[in-house]
>>> print(open('input-v5.txt').read())   # compact mmCIF, C-alpha atoms
# COMPACT_ATOMS: atom_id res chain seq x y z
CA MET A 1 -17.17 -2.96 49.41
CA LYS A 2 -20.31 -3.62 47.31
CA LYS A 3 -20.51 0.09 46.47
CA ILE A 4 -16.89 0.12 45.28
CA ILE A 5 -17.37 -2.99 43.11
CA SER A 6 -20.62 -1.59 41.70
CA MET A 7 -18.92 1.71 40.94
CA ILE A 8 -15.99 -0.04 39.20
CA CYS A 9 -18.41 -2.15 37.12
CA LEU A 10 -20.38 0.96 36.16
CA LEU A 11 -17.18 2.76 35.11
CA MET A 12 -16.10 -0.25 33.04
CA VAL A 13 -19.47 -0.39 31.25
CA LEU A 14 -19.33 3.35 30.54
CA ALA A 15 -15.78 3.03 29.23
CA MET A 16 -16.81 0.15 26.92
CA LEU A 17 -19.73 2.17 25.56
CA ALA A 18 -17.40 5.07 24.81
CA MET A 19 -15.03 2.87 22.75
CA PRO A 20 -15.66 2.68 19.03
CA VAL A 21 -17.20 -0.57 17.87
CA PHE A 22 -14.98 -0.55 14.79
CA ALA A 23 -11.35 0.39 14.68
CA ALA A 24 -10.14 0.63 11.11
CA SER A 25 -6.84 -0.90 10.18
CA GLY A 26 -4.86 -0.53 7.03
CA SER A 27 -3.09 2.18 5.16
CA VAL A 28 -3.33 4.34 2.06
CA SER A 29 -0.29 4.69 -0.17
CA LEU A 30 0.20 7.16 -3.04
CA SER A 31 2.12 6.78 -6.29
CA ALA A 32 2.61 9.27 -9.13
CA SER A 33 2.63 8.40 -12.84
CA SER A 34 5.78 10.51 -13.25
CA SER A 35 8.26 12.00 -10.82
CA ASN A 36 9.92 14.56 -13.12
CA LEU A 37 7.51 17.02 -14.68
CA ASN A 38 7.66 20.22 -16.70
CA ARG A 39 5.41 23.21 -16.27
CA GLY A 40 2.01 22.52 -17.85
CA ASP A 41 2.40 18.71 -17.63
CA THR A 42 -0.46 16.54 -16.47
CA PHE A 43 0.02 13.42 -14.35
CA THR A 44 -1.95 11.10 -12.09
CA VAL A 45 -1.67 10.21 -8.44
CA VAL A 46 -3.09 6.80 -7.52
CA ALA A 47 -4.33 6.08 -3.98
CA ARG A 48 -4.18 2.41 -2.95
CA LEU A 49 -5.83 0.99 0.15
CA SER A 50 -4.35 -1.91 2.04
CA SER A 51 -6.95 -3.17 4.51
CA SER A 52 -8.09 -6.40 6.09
CA ASP A 53 -11.28 -5.00 7.64
CA ALA A 54 -14.75 -4.88 6.12
CA ILE A 55 -15.60 -1.23 5.45
CA ALA A 56 -18.52 0.73 4.02
CA LEU A 57 -17.05 4.16 3.34
CA GLY A 58 -13.84 6.05 2.93
CA THR A 59 -12.28 9.40 2.19
CA VAL A 60 -8.83 10.45 0.97
CA VAL A 61 -7.88 14.13 1.19
CA LEU A 62 -4.74 15.29 -0.62
CA SER A 63 -2.49 18.11 0.58
CA TYR A 64 -0.04 19.81 -1.77
CA ASP A 65 1.35 23.22 -2.73
CA SER A 66 -1.53 24.83 -4.63
CA SER A 67 0.77 27.50 -6.05
CA ALA A 68 2.51 24.81 -8.13
CA LEU A 69 0.02 21.94 -8.53
CA GLU A 70 -3.71 21.58 -9.05
CA MET A 71 -6.22 18.71 -9.11
CA THR A 72 -8.27 18.69 -12.31
CA GLY A 73 -10.44 15.61 -11.79
CA GLY A 74 -10.27 11.94 -10.99
CA THR A 75 -11.98 8.58 -10.72
CA CYS A 76 -13.19 6.32 -7.92
CA HIS A 77 -12.29 2.65 -8.52
CA VAL A 78 -14.19 1.07 -5.61
CA SER A 79 -16.43 -1.68 -6.95
CA GLY A 80 -19.96 -1.56 -5.54
CA ALA A 81 -19.77 2.09 -4.49
CA SER A 82 -23.16 3.81 -4.59
CA ILE A 83 -21.31 7.10 -4.16
CA GLY A 84 -17.79 7.36 -5.54
CA GLN A 85 -16.41 10.69 -6.59
CA VAL A 86 -13.39 12.95 -6.73
CA ILE A 87 -14.03 16.60 -5.89
CA PRO A 88 -11.08 18.64 -7.25
CA GLY A 89 -11.99 21.91 -5.50
CA ASN A 90 -11.86 20.15 -2.13
CA LYS A 91 -8.84 17.97 -3.04
CA VAL A 92 -10.80 14.89 -1.95
CA GLY A 93 -11.98 11.50 -3.10
CA THR A 94 -14.82 9.79 -1.26
CA PHE A 95 -16.88 6.60 -1.56
CA MET A 96 -19.78 4.82 0.14
CA LEU A 97 -20.71 1.23 -0.57
CA SER A 98 -24.24 0.00 -1.10
CA GLY A 99 -25.11 -3.13 0.85
CA ASP A 100 -23.01 -4.82 3.49
CA PRO A 101 -19.48 -3.67 4.39
CA LYS A 102 -16.73 -5.57 2.58
CA VAL A 103 -12.97 -5.85 2.54
CA ILE A 104 -11.48 -3.47 0.00
CA SER A 105 -7.86 -3.57 -1.01
CA GLY A 106 -6.08 -2.10 -4.01
CA GLN A 107 -6.55 1.00 -6.14
CA ILE A 108 -9.36 3.20 -4.81
CA PHE A 109 -8.80 6.58 -6.51
CA THR A 110 -6.95 8.11 -9.44
CA PHE A 111 -6.46 11.86 -9.03
CA ASN A 112 -5.75 13.85 -12.22
CA MET A 113 -3.16 16.53 -11.50
CA LYS A 114 -1.51 19.36 -13.43
CA VAL A 115 1.67 21.35 -12.92
CA LYS A 116 0.76 25.02 -13.14
CA ASP A 117 2.35 27.03 -15.96
CA ASN A 118 4.08 29.36 -13.47
CA ALA A 119 5.14 26.66 -10.97
CA PRO A 120 8.56 27.29 -9.45
CA ILE A 121 11.21 24.69 -10.32
CA GLY A 122 11.63 22.34 -7.34
CA SER A 123 10.40 19.32 -5.42
CA TYR A 124 6.81 19.04 -4.14
CA THR A 125 5.24 16.55 -1.74
CA ILE A 126 1.68 15.35 -2.18
CA SER A 127 0.43 13.81 1.07
CA SER A 128 -2.83 12.13 2.03
CA ASN A 129 -5.08 12.12 5.04
CA ALA A 130 -7.37 9.09 4.89
CA SER A 131 -10.24 7.65 6.90
CA ILE A 132 -12.24 4.47 6.40
CA GLY A 133 -14.96 2.77 8.42
CA VAL A 134 -18.35 1.14 8.68
CA SER A 135 -20.61 4.02 9.67
CA THR A 136 -18.03 6.71 10.38
CA GLY A 137 -14.52 7.09 9.07
CA GLU A 138 -11.60 6.20 11.32
CA GLY A 139 -8.21 7.73 10.58
CA ILE A 140 -5.70 5.30 9.10
CA SER A 141 -2.06 5.46 8.15
CA SER A 142 -1.60 7.64 5.06
CA GLY A 143 1.27 8.05 2.65
CA SER A 144 2.84 10.67 0.45
CA VAL A 145 4.66 10.95 -2.85
CA SER A 146 7.11 13.54 -4.22
CA VAL A 147 7.26 15.05 -7.69
CA ASN A 148 9.87 17.35 -9.18
CA VAL A 149 9.11 20.30 -11.42
CA VAL A 150 12.06 20.48 -13.80
CA CYS A 151 12.98 22.63 -16.75
CA ASN A 152 13.31 21.40 -20.33
CA HIS A 153 15.70 24.31 -21.01
CA SER A 154 14.75 26.69 -23.76
CA TYR A 155 17.77 28.90 -24.30
CA GLY A 156 17.61 32.24 -26.02
CA THR A 157 20.31 33.98 -28.02
CA TRP A 158 23.89 34.30 -26.91
CA THR A 159 24.78 37.52 -25.09
CA GLU A 160 28.16 38.97 -24.23
CA ALA A 161 29.15 38.50 -20.60
CA ASP A 162 32.17 39.60 -18.52
CA ASN A 163 33.99 36.32 -19.12
CA GLY A 164 32.80 35.50 -22.64
CA HIS A 165 29.30 34.70 -23.87
CA SER A 166 26.29 33.16 -22.12
CA GLN A 167 22.73 32.07 -22.74
CA THR A 168 19.93 32.44 -20.20
CA CYS A 169 17.17 29.87 -19.97
CA ALA A 170 13.84 31.62 -20.40
CA LEU A 171 12.09 28.85 -18.41
CA ASP A 172 14.52 28.68 -15.46
CA GLU A 173 14.27 32.45 -14.97
CA GLY A 174 17.88 33.39 -14.95
CA ILE A 175 19.97 30.20 -14.88
CA ASP A 176 22.90 30.76 -17.20
CA LYS A 177 24.59 28.34 -19.56
CA GLY A 178 28.07 29.52 -20.41
>>> encode(input="input-v5.txt", output="structure tokens")
Amino acid sequence: MKKIISMICLLMVLAMLAMPVFAASGSVSLSASSSNLNRGDTFTVVARLSSSDAIALGTVVLSYDSSALEMTGGTCHVSGASIGQVIPGNKVGTFMLSGDPKVISGQIFTFNMKVKDNAPIGSYTISSNASIGVSTGEGISSGSVSVNVVCNHSYGTWTEADNGHSQTCALDEGIDKG
């Protein structure tokens, strides 16, 4: 019986050592400065952190259709960050605080985005994958935002069609106005 109790205690200690000391709570939400955009437009995506835990570092990685959208820069808004940067080529924002961990809540990054000149007309989702923590990042709930690439219609000259005349939008690539 003593061997069984000792073995159970040993397994419990090993299990406790394997558990992370810090489990991050909170979420990251995204919002866009505009939801309807034309080709060539620039806009921003703001990442906001809602957290009640003291943290020391964090990362937000954006995912989006690179054939239509691109990240051109950005800003870290975390006060007290010794490292705070947005790396457009990696689609990421990251920060590390100097000093003791603290509770951070509110705007943490602004990502500068651009609609590519040849972006197809349609709806695009920008989603985030976020992690925050004390010494290592723990995954937390992450949000997304949608933007629409629309056309500001630039019609050419009227042409004769089977049922009258029509104009074709040069930007919509073939959508007729009759």
>>> atom_distance(input="input-v5.txt", atom1="atom CA of Ile108 of chain A", atom2="atom CA of Gly122 of chain A")
28.5 Å
>>> residues_around(input="input-v5.txt", residues="Val134 of chain A", least_positions_apart="5", cutoff="7 Å", atoms="only C-alpha atoms", output="list in words")
Ile55, Ala56, Leu57 and Pro101 of chain A
>>> residues_around(input="input-v5.txt", residues="Ser127 of chain A", least_positions_apart="5", cutoff="8 Å", atoms="only C-alpha atoms", output="list in words")
Leu30, Leu62, Ser63, Tyr64, Ser142, Gly143, Ser144 and Val145 of chain A
>>> closest_residue(input="input-v5.txt", among="A:Ser33, A:Ser51, A:Ser79, A:Ser128", to="Val92 of chain A", atoms="all atoms listed in the file")
A:Ser128
>>> residues_near_point(input="input-v5.txt", point="(0.8, 11.2, -9.1)", cutoff="6 Å", atoms="all atoms listed in the file", output="ChimeraX atom specification")
/A:31-33,43-45
>>> write_last_selection(input="input-v5.txt", atoms="C-alpha atoms", output="tab-separated table (two decimals), in the frame of the given file")
chain	number	residue	atom	x	y	z
A	31	SER	CA	2.12	6.78	-6.29
A	32	ALA	CA	2.61	9.27	-9.13
A	33	SER	CA	2.63	8.40	-12.84
A	43	PHE	CA	0.02	13.42	-14.35
A	44	THR	CA	-1.95	11.10	-12.09
A	45	VAL	CA	-1.67	10.21	-8.44
>>> residues_around(input="input-v5.txt", residues="Asn38 of chain A", least_positions_apart="2", cutoff="8 Å", atoms="only C-alpha atoms", output="NGL selection string")
:A and (36 or 40-41 or 115 or 149-152)
>>> residues_around(input="input-v5.txt", residues="Gly73 of chain A", least_positions_apart="3", cutoff="7 Å", atoms="all atoms listed in the file", output="short mmCIF file (atom, residue, chain, number, x, y, z; two decimals) with C-alpha atoms, in the coordinates of the input")
data_model
loop_
_atom_site.label_atom_id
_atom_site.label_comp_id
_atom_site.auth_asym_id
_atom_site.auth_seq_id
_atom_site.Cartn_x
_atom_site.Cartn_y
_atom_site.Cartn_z
CA VAL A 86 -13.39 12.95 -6.73
CA ILE A 87 -14.03 16.60 -5.89
CA PRO A 88 -11.08 18.64 -7.25
CA PHE A 111 -6.46 11.86 -9.03
CA ASN A 112 -5.75 13.85 -12.22
#
>>> axis_aligned_box(input="input-v5.txt", around="segment 37-44 of chain A", padding_each_side="3 Å", output="lines of an AutoDock Vina configuration file")
center_x = 2.9
center_y = 17.2
center_z = -15.0
size_x = 15.6
size_y = 18.1
size_z = 11.8
